[in-house]
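J.: Sharing target_19.cif (mmCIF, C-alpha atoms) below.
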```
data_coords
loop_
_atom_site.label_atom_id
_atom_site.label_comp_id
_atom_site.auth_asym_id
_atom_site.auth_seq_id
_atom_site.Cartn_x
_atom_site.Cartn_y
_atom_site.Cartn_z
CA MET A 125 36.81 115.86 -91.77
CA ASP A 126 36.99 117.65 -88.42
CA LEU A 127 39.56 120.42 -88.32
CA LYS A 128 42.24 120.19 -85.67
CA PRO A 129 42.54 122.95 -83.04
CA THR A 130 44.66 126.01 -83.84
CA LYS A 131 44.90 127.37 -80.30
CA PRO A 132 48.11 126.42 -78.43
CA LEU A 133 48.06 124.46 -75.21
CA SER A 134 47.30 126.42 -72.05
CA GLY A 135 50.43 128.07 -70.68
CA PHE A 136 52.31 128.12 -74.00
CA ILE A 137 53.06 131.48 -75.61
CA GLU A 138 52.55 132.57 -79.21
CA LEU A 139 53.30 136.13 -80.28
CA LEU A 140 52.33 138.02 -83.42
CA PRO A 141 55.20 139.21 -85.67
CA ALA A 142 55.46 142.77 -84.30
CA GLN A 143 55.30 141.43 -80.74
CA GLN A 144 58.01 138.88 -81.53
CA ARG A 145 60.25 141.57 -83.01
CA CYS A 146 59.90 143.59 -79.80
CA PHE A 147 60.59 140.46 -77.71
CA ASP A 148 63.74 139.67 -79.71
CA TYR A 149 64.95 143.29 -79.73
CA CYS A 150 64.70 143.56 -75.94
CA ALA A 151 66.41 140.19 -75.47
CA ALA A 152 69.28 141.28 -77.72
CA LYS A 153 69.76 144.56 -75.82
CA MET A 154 69.80 142.81 -72.44
CA LEU A 155 72.10 140.02 -73.61
CA ASN A 156 74.50 142.63 -74.93
CA VAL A 157 74.73 144.12 -71.42
CA LEU A 158 75.65 140.67 -70.09
CA ARG A 159 78.19 140.18 -72.89
CA LEU A 160 79.89 143.48 -72.11
CA ALA A 161 80.09 142.42 -68.46
CA GLY A 162 82.07 139.34 -69.48
CA PHE A 163 79.36 136.68 -69.17
CA SER A 164 79.73 133.71 -71.54
CA LEU A 165 76.41 132.74 -73.10
CA LEU A 166 75.92 128.96 -72.71
CA ASP A 167 73.45 126.78 -74.60
CA LEU A 168 72.88 123.76 -72.32
CA PRO A 169 70.62 120.75 -73.04
CA ALA A 170 66.88 121.25 -72.63
CA ILE A 171 66.56 117.62 -71.47
CA GLU A 172 68.33 116.27 -68.40
CA ARG A 173 68.23 112.98 -66.54
CA ALA A 174 65.46 112.99 -63.95
CA GLU A 175 68.01 112.25 -61.21
CA VAL A 176 69.84 115.46 -62.18
CA LEU A 177 66.69 117.57 -62.03
CA THR A 178 65.49 116.34 -58.65
CA ASP A 179 66.61 114.53 -55.52
CA LYS A 180 63.14 113.14 -54.98
CA ASP A 181 62.45 109.46 -55.54
CA ASN A 182 58.66 109.79 -55.76
CA TRP A 183 58.10 109.80 -59.52
CA ASP A 184 54.34 110.36 -59.24
CA GLU A 185 54.81 113.43 -57.04
CA ILE A 186 57.38 115.22 -59.21
CA GLU A 187 55.60 114.29 -62.43
CA THR A 188 52.94 116.91 -61.60
CA GLN A 189 55.62 119.63 -61.28
CA MET A 190 57.83 118.85 -64.29
CA PHE A 191 57.55 117.48 -67.80
CA LEU A 192 58.99 113.99 -67.32
CA PHE A 193 59.14 111.00 -69.62
CA GLN A 194 60.98 107.73 -70.01
CA LYS A 195 62.93 106.23 -72.91
CA GLY A 196 63.92 102.64 -72.24
CA ASP A 197 65.27 102.54 -68.71
CA THR A 198 66.23 106.23 -68.63
CA LYS A 199 63.97 108.71 -66.90
CA MET A 200 64.32 112.23 -68.29
CA GLY A 201 62.77 115.64 -67.95
CA LEU A 202 62.65 119.07 -69.52
CA ARG A 203 64.66 121.68 -67.60
CA TYR A 204 62.59 123.81 -65.23
CA ASP A 205 65.36 126.30 -64.47
CA GLY A 206 68.94 127.00 -65.50
CA THR A 207 70.81 126.51 -62.23
CA VAL A 208 70.69 122.71 -62.01
CA GLY A 209 71.98 122.19 -65.54
CA LEU A 210 74.69 124.79 -65.00
CA SER A 211 75.83 123.09 -61.79
CA ARG A 212 76.14 119.77 -63.63
CA TYR A 213 78.00 121.48 -66.48
CA VAL A 214 80.48 123.27 -64.21
CA ALA A 215 81.16 120.14 -62.14
CA GLY A 216 81.78 118.18 -65.33
CA HIS A 217 84.20 120.74 -66.79
CA LEU A 218 86.10 121.90 -63.71
CA ASN A 219 89.47 121.48 -65.41
CA ASP A 220 88.36 123.30 -68.57
CA LEU A 221 86.94 126.47 -66.99
CA VAL A 222 88.49 129.60 -65.49
CA PHE A 223 87.17 130.76 -62.11
CA PRO A 224 85.52 132.95 -61.07
CA LEU A 225 83.31 131.82 -63.94
CA ARG A 226 80.76 134.22 -65.40
CA ALA A 227 78.02 132.30 -67.22
CA SER A 228 74.74 133.40 -68.74
CA GLN A 229 71.87 131.53 -70.34
CA PHE A 230 68.81 132.56 -72.33
CA SER A 231 66.54 129.67 -73.13
CA LYS A 232 63.13 128.14 -72.74
CA ARG A 233 62.18 126.45 -69.47
CA TYR A 234 59.30 124.08 -68.75
CA ARG A 235 57.11 123.58 -65.71
CA GLY A 236 54.19 121.22 -65.41
CA GLU A 237 52.30 123.34 -62.90
CA ARG A 238 48.86 124.74 -63.64
CA ALA A 239 49.07 127.72 -65.98
CA GLN A 240 47.86 131.05 -64.62
CA LYS A 241 48.22 134.73 -65.40
CA GLY A 242 51.89 135.62 -65.66
CA ARG A 243 52.99 132.01 -65.07
CA TYR A 244 53.56 129.82 -68.09
CA ARG A 245 54.35 126.17 -68.74
CA GLU A 246 56.88 127.12 -71.40
CA PHE A 247 58.77 130.37 -70.89
CA TYR A 248 62.03 132.18 -71.56
CA GLN A 249 64.35 132.92 -68.66
CA MET A 250 67.60 134.86 -68.68
CA ASP A 251 70.14 133.60 -66.14
CA LEU A 252 73.48 134.95 -64.98
CA ASP A 253 75.76 133.23 -62.48
CA ILE A 254 79.22 133.82 -61.07
CA MET A 255 80.89 130.75 -59.58
CA GLY A 256 84.10 130.29 -57.61
CA ILE A 257 86.02 127.40 -56.07
CA ASN A 258 85.96 127.23 -52.24
CA SER A 259 85.39 130.98 -51.83
CA LEU A 260 83.67 133.90 -53.56
CA SER A 261 83.58 137.51 -52.38
CA THR A 262 80.18 139.10 -51.79
CA ASN A 263 81.40 141.81 -54.16
CA TYR A 264 80.29 139.42 -56.89
CA ASP A 265 76.76 139.43 -55.43
CA ALA A 266 76.81 143.19 -55.87
CA GLU A 267 78.12 142.84 -59.42
CA ILE A 268 75.28 140.47 -60.34
CA ILE A 269 72.75 143.02 -59.05
CA SER A 270 74.54 145.84 -60.89
CA VAL A 271 74.51 143.92 -64.19
CA ILE A 272 70.82 143.00 -63.86
CA ASN A 273 70.06 146.64 -63.09
CA ASP A 274 71.90 147.70 -66.26
CA ALA A 275 70.12 145.01 -68.29
CA LEU A 276 66.68 146.11 -67.13
CA ASN A 277 67.57 149.76 -67.65
CA SER A 278 68.65 148.99 -71.22
CA VAL A 279 64.99 148.31 -72.02
CA GLY A 280 63.64 150.93 -69.63
CA GLU A 281 61.82 152.69 -72.48
CA PHE A 282 59.46 149.70 -72.55
CA ILE A 283 59.27 148.55 -68.91
CA GLY A 284 60.07 151.68 -66.91
CA PRO A 285 62.20 151.98 -63.75
CA ASN A 286 62.89 149.26 -61.20
CA VAL A 287 63.73 148.81 -57.53
CA VAL A 288 65.88 146.03 -56.08
CA HIS A 289 64.97 144.64 -52.65
CA VAL A 290 67.88 143.06 -50.76
CA GLY A 291 67.40 140.51 -47.98
CA SER A 292 69.64 138.28 -45.88
CA ARG A 293 69.30 134.60 -45.08
CA PRO A 294 72.16 134.84 -42.50
CA PHE A 295 70.19 137.54 -40.66
CA TRP A 296 67.20 135.25 -40.20
CA ASP A 297 69.41 132.28 -39.30
CA ALA A 298 71.06 134.40 -36.60
CA LEU A 299 67.74 135.75 -35.34
CA PHE A 300 66.19 132.29 -35.13
CA ASP A 301 69.20 131.05 -33.17
CA TYR A 302 68.93 134.07 -30.86
CA LEU A 303 65.24 133.22 -30.29
CA GLU A 304 66.18 129.55 -29.74
CA LEU A 305 63.81 128.17 -32.37
CA ASN A 306 63.97 124.50 -33.22
CA GLU A 307 64.64 123.29 -36.78
CA LYS A 308 60.96 122.74 -37.60
CA GLN A 309 60.05 126.20 -36.37
CA LYS A 310 62.84 127.75 -38.42
CA LYS A 311 61.61 126.09 -41.59
CA ASP A 312 57.97 126.95 -40.92
CA ILE A 313 58.76 130.60 -40.20
CA PHE A 314 60.94 130.91 -43.30
CA VAL A 315 58.05 129.66 -45.43
CA LEU A 316 55.72 132.06 -43.64
CA ILE A 317 58.03 135.03 -44.30
CA ASP A 318 58.28 134.04 -47.96
CA LYS A 319 54.47 134.21 -48.23
CA LYS A 320 54.03 137.35 -46.11
CA ASP A 321 53.32 139.76 -48.99
CA LYS A 322 50.45 137.60 -50.21
CA MET A 323 49.04 136.87 -46.73
CA GLY A 324 48.66 140.28 -45.14
CA ASP A 325 49.70 141.29 -41.61
CA GLU A 326 46.79 139.66 -39.79
CA ASP A 327 47.23 136.22 -41.35
CA PHE A 328 51.00 136.49 -40.87
CA ALA A 329 50.53 137.19 -37.16
CA LEU A 330 48.17 134.22 -36.84
CA GLY A 331 50.73 132.01 -38.58
CA LEU A 332 53.44 133.10 -36.15
CA GLN A 333 51.12 132.32 -33.27
CA ASP A 334 50.37 128.85 -34.63
CA PHE A 335 54.04 127.97 -35.15
CA LEU A 336 55.57 129.61 -32.07
CA GLY A 337 52.92 130.12 -29.38
CA ASP A 338 55.23 132.64 -27.71
CA SER A 339 54.13 136.28 -27.91
CA ALA A 340 57.58 137.67 -27.02
CA LYS A 341 59.28 135.80 -29.88
CA GLU A 342 56.41 136.63 -32.22
CA ASN A 343 56.76 140.34 -31.45
CA VAL A 344 60.50 140.28 -32.13
CA ILE A 345 59.90 138.79 -35.58
CA LYS A 346 57.04 141.21 -36.33
CA SER A 347 59.22 144.16 -35.29
CA VAL A 348 61.65 143.38 -38.11
CA PHE A 349 58.99 144.34 -40.65
CA VAL A 350 58.35 147.64 -38.89
CA ASP A 351 61.72 148.81 -37.58
CA GLY A 352 64.14 146.65 -39.56
CA TYR A 353 67.12 145.37 -37.62
CA LYS A 354 67.82 148.51 -35.54
CA ASN A 355 66.45 146.98 -32.31
CA LEU A 356 68.53 143.82 -32.78
CA VAL A 357 72.03 145.30 -32.75
CA ASN A 358 74.30 143.92 -30.00
CA LYS A 359 71.98 141.00 -29.28
CA SER A 360 74.36 138.30 -30.50
CA GLU A 361 77.62 137.98 -32.42
CA LYS A 362 75.90 136.18 -35.29
CA LEU A 363 73.25 138.88 -35.58
CA ASP A 364 75.85 141.64 -35.52
CA ALA A 365 77.87 139.87 -38.21
CA ALA A 366 74.81 139.42 -40.45
CA ILE A 367 73.76 143.06 -39.96
CA ALA A 368 77.30 144.27 -40.71
CA GLU A 369 77.44 142.14 -43.88
CA LEU A 370 74.14 143.61 -45.08
CA THR A 371 75.00 147.24 -44.36
CA ASP A 372 78.47 146.89 -45.93
CA PHE A 373 76.89 145.26 -48.96
CA MET A 374 74.51 148.17 -49.48
CA SER A 375 77.52 150.51 -49.45
CA VAL A 376 79.23 148.40 -52.12
CA LEU A 377 76.07 148.50 -54.26
CA ASP A 378 75.95 152.26 -53.95
CA GLY A 379 79.59 152.46 -54.98
CA MET A 380 78.81 150.39 -58.08
CA GLY A 381 76.19 152.94 -59.09
CA VAL A 382 73.10 151.01 -57.96
CA LYS A 383 71.04 153.82 -56.41
CA ASN A 384 67.69 152.03 -56.53
CA ALA A 385 68.41 149.35 -53.88
CA LYS A 386 66.84 149.05 -50.46
CA ILE A 387 66.97 146.57 -47.59
CA ASP A 388 63.89 144.36 -47.42
CA LEU A 389 64.17 141.55 -44.88
CA SER A 390 60.90 140.03 -46.07
CA ILE A 391 62.82 138.62 -49.06
CA ALA A 392 63.36 134.95 -48.21
CA ARG A 393 63.46 133.25 -51.61
CA GLY A 394 64.87 129.87 -52.58
CA LEU A 395 64.61 128.16 -49.21
CA ALA A 396 66.05 124.96 -50.64
CA TYR A 397 69.40 126.34 -51.74
CA TYR A 398 70.04 130.04 -51.09
CA THR A 399 72.30 130.50 -48.07
CA GLY A 400 73.43 134.14 -48.15
CA LEU A 401 72.22 137.48 -49.42
CA VAL A 402 69.09 137.36 -51.58
CA PHE A 403 67.44 139.95 -53.81
CA GLU A 404 64.42 140.66 -55.97
CA PHE A 405 63.79 143.28 -58.65
CA LYS A 406 60.35 144.88 -58.98
CA LEU A 407 59.16 147.07 -61.85
CA THR A 408 57.91 150.33 -60.37
CA ASN A 409 55.23 150.88 -63.04
CA HIS A 410 54.09 147.27 -63.17
CA PRO A 411 53.59 145.88 -59.65
CA GLU A 412 51.08 143.40 -61.06
CA LEU A 413 53.99 141.43 -62.59
CA GLY A 414 55.46 140.64 -59.17
CA THR A 415 59.15 139.75 -59.19
CA ALA A 416 60.87 140.68 -62.46
CA ALA A 417 64.21 139.14 -61.48
CA GLY A 418 65.66 137.53 -58.40
CA GLY A 419 68.48 135.48 -57.01
CA GLY A 420 71.05 135.07 -54.30
CA ARG A 421 74.07 133.19 -53.04
CA TYR A 422 74.33 129.42 -52.81
CA ALA A 423 77.03 127.74 -50.75
CA ASP A 424 77.34 124.37 -52.47
CA LEU A 425 74.64 123.80 -55.06
CA ALA A 426 76.92 121.58 -57.16
CA GLY A 427 77.60 119.30 -54.18
CA LYS A 428 75.66 116.41 -55.68
CA PHE A 429 77.88 116.51 -58.79
CA SER A 430 81.35 117.14 -57.38
CA LYS A 431 83.35 116.87 -54.16
CA THR A 432 84.92 120.21 -55.03
CA LYS A 433 83.10 123.03 -53.25
CA ILE A 434 81.62 125.33 -55.86
CA ILE A 435 80.23 128.55 -54.40
CA GLY A 436 78.13 130.84 -56.51
CA VAL A 437 75.77 133.75 -56.78
CA GLY A 438 73.10 133.56 -59.42
CA ALA A 439 69.94 135.22 -60.62
CA ALA A 440 67.19 134.76 -63.14
CA ILE A 441 65.33 137.43 -65.09
CA GLY A 442 61.76 136.37 -65.79
CA PHE A 443 61.90 137.40 -69.44
CA SER A 444 58.57 135.91 -70.51
CA ARG A 445 56.96 136.99 -67.24
CA ILE A 446 57.86 140.59 -68.11
CA PHE A 447 57.59 140.86 -71.86
CA ALA A 448 55.03 138.22 -72.85
CA SER A 449 52.67 139.48 -70.16
CA MET A 450 53.11 143.13 -71.16
CA LEU A 451 52.75 142.36 -74.87
CA GLU A 452 49.65 140.26 -74.33
CA ASN A 453 48.12 143.11 -72.32
CA ASN A 454 49.07 145.75 -74.94
CA GLN A 455 51.29 147.58 -72.44
CA ILE A 456 54.14 148.16 -74.92
CA ASP A 457 53.93 150.57 -77.86
CA LEU A 458 54.84 148.48 -80.90
CA THR A 459 55.07 151.38 -83.38
CA MET A 460 58.81 150.99 -83.95
CA PHE A 461 58.37 147.25 -84.62
CA SER A 462 55.35 147.43 -86.92
CA ASN A 463 57.30 148.22 -90.13
CA PRO A 464 60.29 145.91 -90.34
CA VAL A 465 60.59 146.22 -94.13
CA ASP A 466 62.09 149.30 -95.75
CA VAL A 467 61.71 148.26 -99.38
CA ALA A 468 59.38 145.96 -101.31
CA VAL A 469 60.67 144.98 -104.75
CA LEU A 470 57.77 144.35 -107.14
CA VAL A 471 58.59 142.27 -110.21
CA MET A 472 56.51 142.59 -113.38
CA GLY A 473 57.13 139.42 -115.40
CA ASN A 474 59.09 136.27 -114.70
CA ASN A 475 61.84 137.24 -117.14
CA ASN A 476 62.81 140.12 -114.83
CA VAL A 477 63.41 138.01 -111.69
CA ALA A 478 67.19 137.77 -112.16
CA TYR A 479 67.53 141.57 -112.56
CA ALA A 480 65.30 142.13 -109.51
CA SER A 481 67.35 139.64 -107.48
CA CYS A 482 70.53 141.64 -108.13
CA VAL A 483 68.77 144.78 -106.86
CA VAL A 484 67.52 142.94 -103.76
CA ASN A 485 71.01 141.62 -102.97
CA ASP A 486 72.57 145.09 -103.35
CA LEU A 487 70.05 146.59 -100.94
CA ARG A 488 70.42 143.83 -98.37
CA ASN A 489 74.22 144.11 -98.55
CA ALA A 490 73.79 147.81 -97.78
CA GLY A 491 71.87 146.88 -94.63
CA ILE A 492 68.45 147.84 -96.01
CA ALA A 493 65.63 145.46 -95.09
CA THR A 494 64.21 144.32 -98.42
CA VAL A 495 61.62 141.78 -99.58
CA SER A 496 60.74 140.77 -103.10
CA TYR A 497 57.28 139.90 -104.38
CA LEU A 498 57.90 136.93 -106.65
CA ASP A 499 54.38 136.07 -107.81
CA THR A 500 55.29 137.76 -111.07
CA ASP A 501 52.01 136.86 -112.78
CA LYS A 502 50.05 138.99 -110.29
CA LYS A 503 48.72 142.35 -111.41
CA PHE A 504 50.44 145.56 -110.27
CA LYS A 505 47.41 146.37 -108.08
CA ASN A 506 47.92 143.13 -106.10
CA GLN A 507 51.64 143.73 -105.72
CA ILE A 508 51.34 147.32 -104.49
CA GLU A 509 48.62 146.26 -102.03
CA TYR A 510 51.07 143.73 -100.62
CA ALA A 511 53.71 146.46 -100.18
CA ASN A 512 51.13 148.55 -98.33
CA LYS A 513 50.07 145.69 -96.07
CA ILE A 514 53.62 144.90 -94.93
CA GLY A 515 54.25 148.59 -94.20
CA ALA A 516 57.12 148.99 -96.69
CA ARG A 517 58.37 152.57 -96.76
CA PHE A 518 59.41 152.33 -100.40
CA SER A 519 58.53 150.16 -103.35
CA ILE A 520 60.86 149.41 -106.23
CA ILE A 521 58.99 148.50 -109.39
CA ILE A 522 60.83 146.50 -112.04
CA GLY A 523 59.34 145.82 -115.46
CA ASP A 524 60.64 145.38 -119.00
CA ASP A 525 61.32 149.11 -119.50
CA GLU A 526 63.32 149.41 -116.28
CA VAL A 527 65.47 146.40 -117.17
CA ALA A 528 66.08 147.64 -120.69
CA ASN A 529 67.35 151.02 -119.39
CA ASN A 530 69.20 149.80 -116.24
CA LEU A 531 66.74 151.65 -114.03
CA VAL A 532 64.29 150.99 -111.25
CA ALA A 533 61.08 152.88 -110.45
CA LEU A 534 61.25 154.06 -106.81
CA LYS A 535 57.94 154.86 -105.12
CA ASN A 536 57.70 156.61 -101.74
CA MET A 537 54.74 154.80 -100.17
CA ALA A 538 53.85 157.58 -97.73
CA ALA A 539 54.20 160.57 -100.09
CA GLY A 540 53.00 158.72 -103.19
CA ASN A 541 55.61 160.21 -105.53
CA GLN A 542 57.61 158.04 -107.91
CA GLU A 543 60.94 158.54 -109.72
CA ASN A 544 63.29 156.59 -111.93
CA VAL A 545 66.70 155.84 -110.40
CA SER A 546 69.80 154.20 -111.90
CA VAL A 547 70.20 150.64 -110.71
CA THR A 548 73.80 151.39 -109.70
CA SER A 549 72.82 154.24 -107.37
CA ILE A 550 69.59 152.94 -105.83
CA ALA A 551 71.26 151.65 -102.64
CA ASN A 552 72.95 155.01 -101.95
CA LYS A 553 69.74 156.88 -102.77
CA LEU A 554 67.73 154.80 -100.31
CA GLU A 555 70.38 155.14 -97.61
CA GLN A 556 70.07 158.94 -97.96
CA TYR A 557 66.29 158.81 -97.74
CA LEU A 558 66.34 156.52 -94.70
CA ASP A 559 69.01 158.64 -93.04
CA SER A 560 66.81 161.72 -93.47
CA LEU A 561 64.02 159.82 -91.70
CA GLY A 562 66.35 158.93 -88.79
CA LEU A 563 66.16 155.23 -89.64
CA ILE A 564 69.67 154.44 -90.83
CA ASP A 565 71.02 154.00 -87.26
CA ARG A 566 68.18 151.62 -86.49
CA ILE A 567 69.07 149.58 -89.56
CA ARG A 568 72.74 149.35 -88.58
CA LYS A 569 71.96 148.37 -84.99
CA LYS A 570 69.39 145.76 -85.85
CA GLY A 571 71.43 144.44 -88.74
#
```
Go ahead and render the structure in this file as structure tokens.

T.:
Amino acid sequence: MDLKPTKPLSGFIELLPAQQRCFDYCAAKMLNVLRLAGFSLLDLPAIERAEVLTDKDNWDEIETQMFLFQKGDTKMGLRYDGTVGLSRYVAGHLNDLVFPLRASQFSKRYRGERAQKGRYREFYQMDLDIMGINSLSTNYDAEIISVINDALNSVGEFIGPNVVHVGSRPFWDALFDYLELNEKQKKDIFVLIDKKDKMGDEDFALGLQDFLGDSAKENVIKSVFVDGYKNLVNKSEKLDAAIAELTDFMSVLDGMGVKNAKIDLSIARGLAYYTGLVFEFKLTNHPELGTAAGGGRYADLAGKFSKTKIIGVGAAIGFSRIFASMLENNQIDLTMFSNPVDVAVLVMGNNNVAYASCVVNDLRNAGIATVSYLDTDKKFKNQIEYANKIGARFSIIIGDDEVANNLVALKNMAAGNQENVSVTSIANKLEQYLDSLGLIDRIRKKG
């Protein structure tokens, strides 16, 4: 019989145990930052109606971009981001929610696009959104950036420092109006700006020439990437308003303690729905990862679900993009995750399982990570080899003599020494040992 393949599908992630422990540890630290900032963690459906996920009617076209399927007459798809499902959820529970609403999500997303380095078909994304009814201060945009900054800094020991680049859709809208561009030109130039980093200056200039055919207008746009907006002050009321909004916003960010932000007008993400300030986080030590997190303001994303105007600012942290990529490339030191077990309990004889189970329960209740080896017919050599392989710091050996005398044999796996300890004091004894190794705080925090 032919054996079936063991390798996962292209674009789907599998991590080894130590890698997964690191992945989960970092997720927990970041989610705790969001929790302390008042964000409610939502667990929304992974499957939505196709009409919710897209406005397009061409099933064949969108089938290549999403995982879509049909049950009976209902067309469905796996979520590709968190914003669409959240918009449906908020519109459906308007009377049950308190606004401004702070919502977070941490879940798997699915995209049918071709898998490539750093881009997966199944991936974890961490979202945070703040939504208001009819109005929402841009101070909330600053808060979103501040919280993401804190979340990334909470795992800075693994990913290093970051920089946040802040752009403005209103600035470009005002500039395009000032240059009297038509709607097609506006759209084409927005797309061009969004691709500028990957194109290079020469190709960008050629693209401007193709779309505009007006050297004066082309030079104004190119000047933004050299001199910023300083040459565009007092050109129009809309431009002045957009520039004032951006400069005031940077002051608010600074006041919130975000010292690693800078204006970058090349940021033009989310052309389909972002309408205000936009931002992207980059990891200083890992430019190869591209954007680590990004988002912006949307004026009425829930408009297709509700007549009530829901305004929001949202962002997504590319959790798998950061951590799966770095783990796969061995860019994170996994030493602290390689020994998850503090104690291995080795049982000599099936008649001693009940006694050993009481010891295991006492240790676990004390917050000490403990596993038991329950193949009691195995020789001691096999059992101690298992304790070595899982990296247990201590082994507790339980045989007939230990049970008869209410003792356990405690072996320090690194030092090699062994001692008999009363069964009633073993938990306290191990806590003292682990505390002397600086591990008791880790146990409490991870427990």

J.: Pull out every residue that the PyMOL selection byres ((chain A and resi 361) around 12) matches in the shown coordinates and put them as an MDAnalysis selection string.

T.: chainID A and resid 294:295 298:299 301:302 356:360 362:368

J.: Go ahead and save the residues from that selection, with C-alpha atoms, as an mmCIF file, keeping the file's coordinate frame.

T.:
```cif
data_model
loop_
_atom_site.group_PDB
_atom_site.id
_atom_site.type_symbol
_atom_site.label_atom_id
_atom_site.label_comp_id
_atom_site.auth_asym_id
_atom_site.auth_seq_id
_atom_site.Cartn_x
_atom_site.Cartn_y
_atom_site.Cartn_z
ATOM 1 C CA PRO A 294 72.160 134.840 -42.500
ATOM 2 C CA PHE A 295 70.190 137.540 -40.660
ATOM 3 C CA ALA A 298 71.060 134.400 -36.600
ATOM 4 C CA LEU A 299 67.740 135.750 -35.340
ATOM 5 C CA ASP A 301 69.200 131.050 -33.170
ATOM 6 C CA TYR A 302 68.930 134.070 -30.860
ATOM 7 C CA LEU A 356 68.530 143.820 -32.780
ATOM 8 C CA VAL A 357 72.030 145.300 -32.750
ATOM 9 C CA ASN A 358 74.300 143.920 -30.000
ATOM 10 C CA LYS A 359 71.980 141.000 -29.280
ATOM 11 C CA SER A 360 74.360 138.300 -30.500
ATOM 12 C CA LYS A 362 75.900 136.180 -35.290
ATOM 13 C CA LEU A 363 73.250 138.880 -35.580
ATOM 14 C CA ASP A 364 75.850 141.640 -35.520
ATOM 15 C CA ALA A 365 77.870 139.870 -38.210
ATOM 16 C CA ALA A 366 74.810 139.420 -40.450
ATOM 17 C CA ILE A 367 73.760 143.060 -39.960
ATOM 18 C CA ALA A 368 77.300 144.270 -40.710
#
```

J.: What is the distance, in Å and to one decimal place, between atom CA of A:Phe429 and atom CA of A:Leu165?

T.: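 Pair atom CA of A:Phe429 / atom CA of A:Leu165 returns 21.7 Å.
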
J.: Measure the distance from atom CA of A:Tyr479 to atom CA of A:Glu509 in Å and round it to one decimal.

T.: 22.1 Å

J.: Around all the atoms of stretch 381-400 of chain A listed in the file, with 6 Å of room on each side, what axis-aligned box do you get, giving centre and edge lengths in Å to one decimal, as JSON?

T.:
```
{"center_x": 68.5, "center_y": 139.4, "center_z": -52.0, "size_x": 27.3, "size_y": 40.9, "size_z": 26.2}
```

J.: Could you list the residues chosen by the PyMOL selection byres ((chain A and resi 270-276) around 9) in this structure as number ranges by chain?

T.: A: 153-158, 161, 252, 265-269, 277-280, 283-288, 377, 380-382, 384, 405, 417, 439, 441

J.: Run the PyMOL selection byres ((chain A and resi 138) around 12) against the file shown and list the residues it catches, as a ChimeraX atom specification.

T.: /A:130-137,139-144,147,244,246-247,444,448-449,451-452

J.: Write out as a list in words each polymer residue whose atoms come within 9 Å of A:Val176, counting only C-alpha atoms; drop sequence neighbours fewer than 5 positions from it.

T.: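 Final neighbour list, sorted by chain and number: Met200, Val208, Gly209, Arg212, Lys428 and Phe429 of chain A.
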
J.: Measure the distance from atom CA of A:Arg235 to atom CA of A:Arg293 in Å and round it to one decimal.

T.: 26.4 Å

J.: For each of A:Ile313, A:Val477, A:Val290, A:Leu168, take the minimum atom-to-atom distance to A:Leu370, counting all atoms listed in the file, then give the residue where this is smallest.

T.: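 Of A:Ile313, A:Val477, A:Val290, A:Leu168, the one nearest A:Leu370, counting all atoms listed in the file, is A:Val290.
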
J.: For A:Asn489, which residue out of A:Asn552, A:Asn463, A:Asn476, A:Gln507 is the nearest one, using only C-alpha atoms?

T.: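 Among A:Asn552, A:Asn463, A:Asn476, A:Gln507, it is A:Asn552 that comes nearest to A:Asn489.
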
J.: Missing atoms in stretch 501-510 of chain A should be modelled up to N, CA and C atoms and reported as a PDB file, in the coordinates of the input.

T.:
```
ATOM      1  N   ASP A 501      53.195 136.836-111.933  1.00  0.00           N
ATOM      2  CA  ASP A 501      52.010 136.860-112.780  1.00  0.00           C
ATOM      3  C   ASP A 501      50.883 137.694-112.177  1.00  0.00           C
ATOM      4  N   LYS A 502      51.070 138.172-110.948  1.00  0.00           N
ATOM      5  CA  LYS A 502      50.050 138.990-110.290  1.00  0.00           C
ATOM      6  C   LYS A 502      50.032 140.389-110.899  1.00  0.00           C
ATOM      7  N   LYS A 503      48.849 140.995-110.885  1.00  0.00           N
ATOM      8  CA  LYS A 503      48.720 142.350-111.410  1.00  0.00           C
ATOM      9  C   LYS A 503      49.421 143.344-110.489  1.00  0.00           C
ATOM     10  N   PHE A 504      49.768 144.524-111.061  1.00  0.00           N
ATOM     11  CA  PHE A 504      50.440 145.560-110.270  1.00  0.00           C
ATOM     12  C   PHE A 504      49.602 145.945-109.055  1.00  0.00           C
ATOM     13  N   LYS A 505      48.301 145.998-109.196  1.00  0.00           N
ATOM     14  CA  LYS A 505      47.410 146.370-108.080  1.00  0.00           C
ATOM     15  C   LYS A 505      47.618 145.409-106.902  1.00  0.00           C
ATOM     16  N   ASN A 506      47.714 144.114-107.158  1.00  0.00           N
ATOM     17  CA  ASN A 506      47.920 143.130-106.100  1.00  0.00           C
ATOM     18  C   ASN A 506      49.286 143.304-105.431  1.00  0.00           C
ATOM     19  N   GLN A 507      50.285 143.607-106.258  1.00  0.00           N
ATOM     20  CA  GLN A 507      51.640 143.730-105.720  1.00  0.00           C
ATOM     21  C   GLN A 507      51.783 144.983-104.842  1.00  0.00           C
ATOM     22  N   ILE A 508      51.230 146.096-105.275  1.00  0.00           N
ATOM     23  CA  ILE A 508      51.340 147.320-104.490  1.00  0.00           C
ATOM     24  C   ILE A 508      50.508 147.237-103.220  1.00  0.00           C
ATOM     25  N   GLU A 509      49.417 146.496-103.258  1.00  0.00           N
ATOM     26  CA  GLU A 509      48.620 146.260-102.030  1.00  0.00           C
ATOM     27  C   GLU A 509      49.436 145.469-101.012  1.00  0.00           C
ATOM     28  N   TYR A 510      50.209 144.506-101.507  1.00  0.00           N
ATOM     29  CA  TYR A 510      51.070 143.730-100.620  1.00  0.00           C
ATOM     30  C   TYR A 510      52.110 144.649 -99.948  1.00  0.00           C
TER      31      TYR A 510
END
```
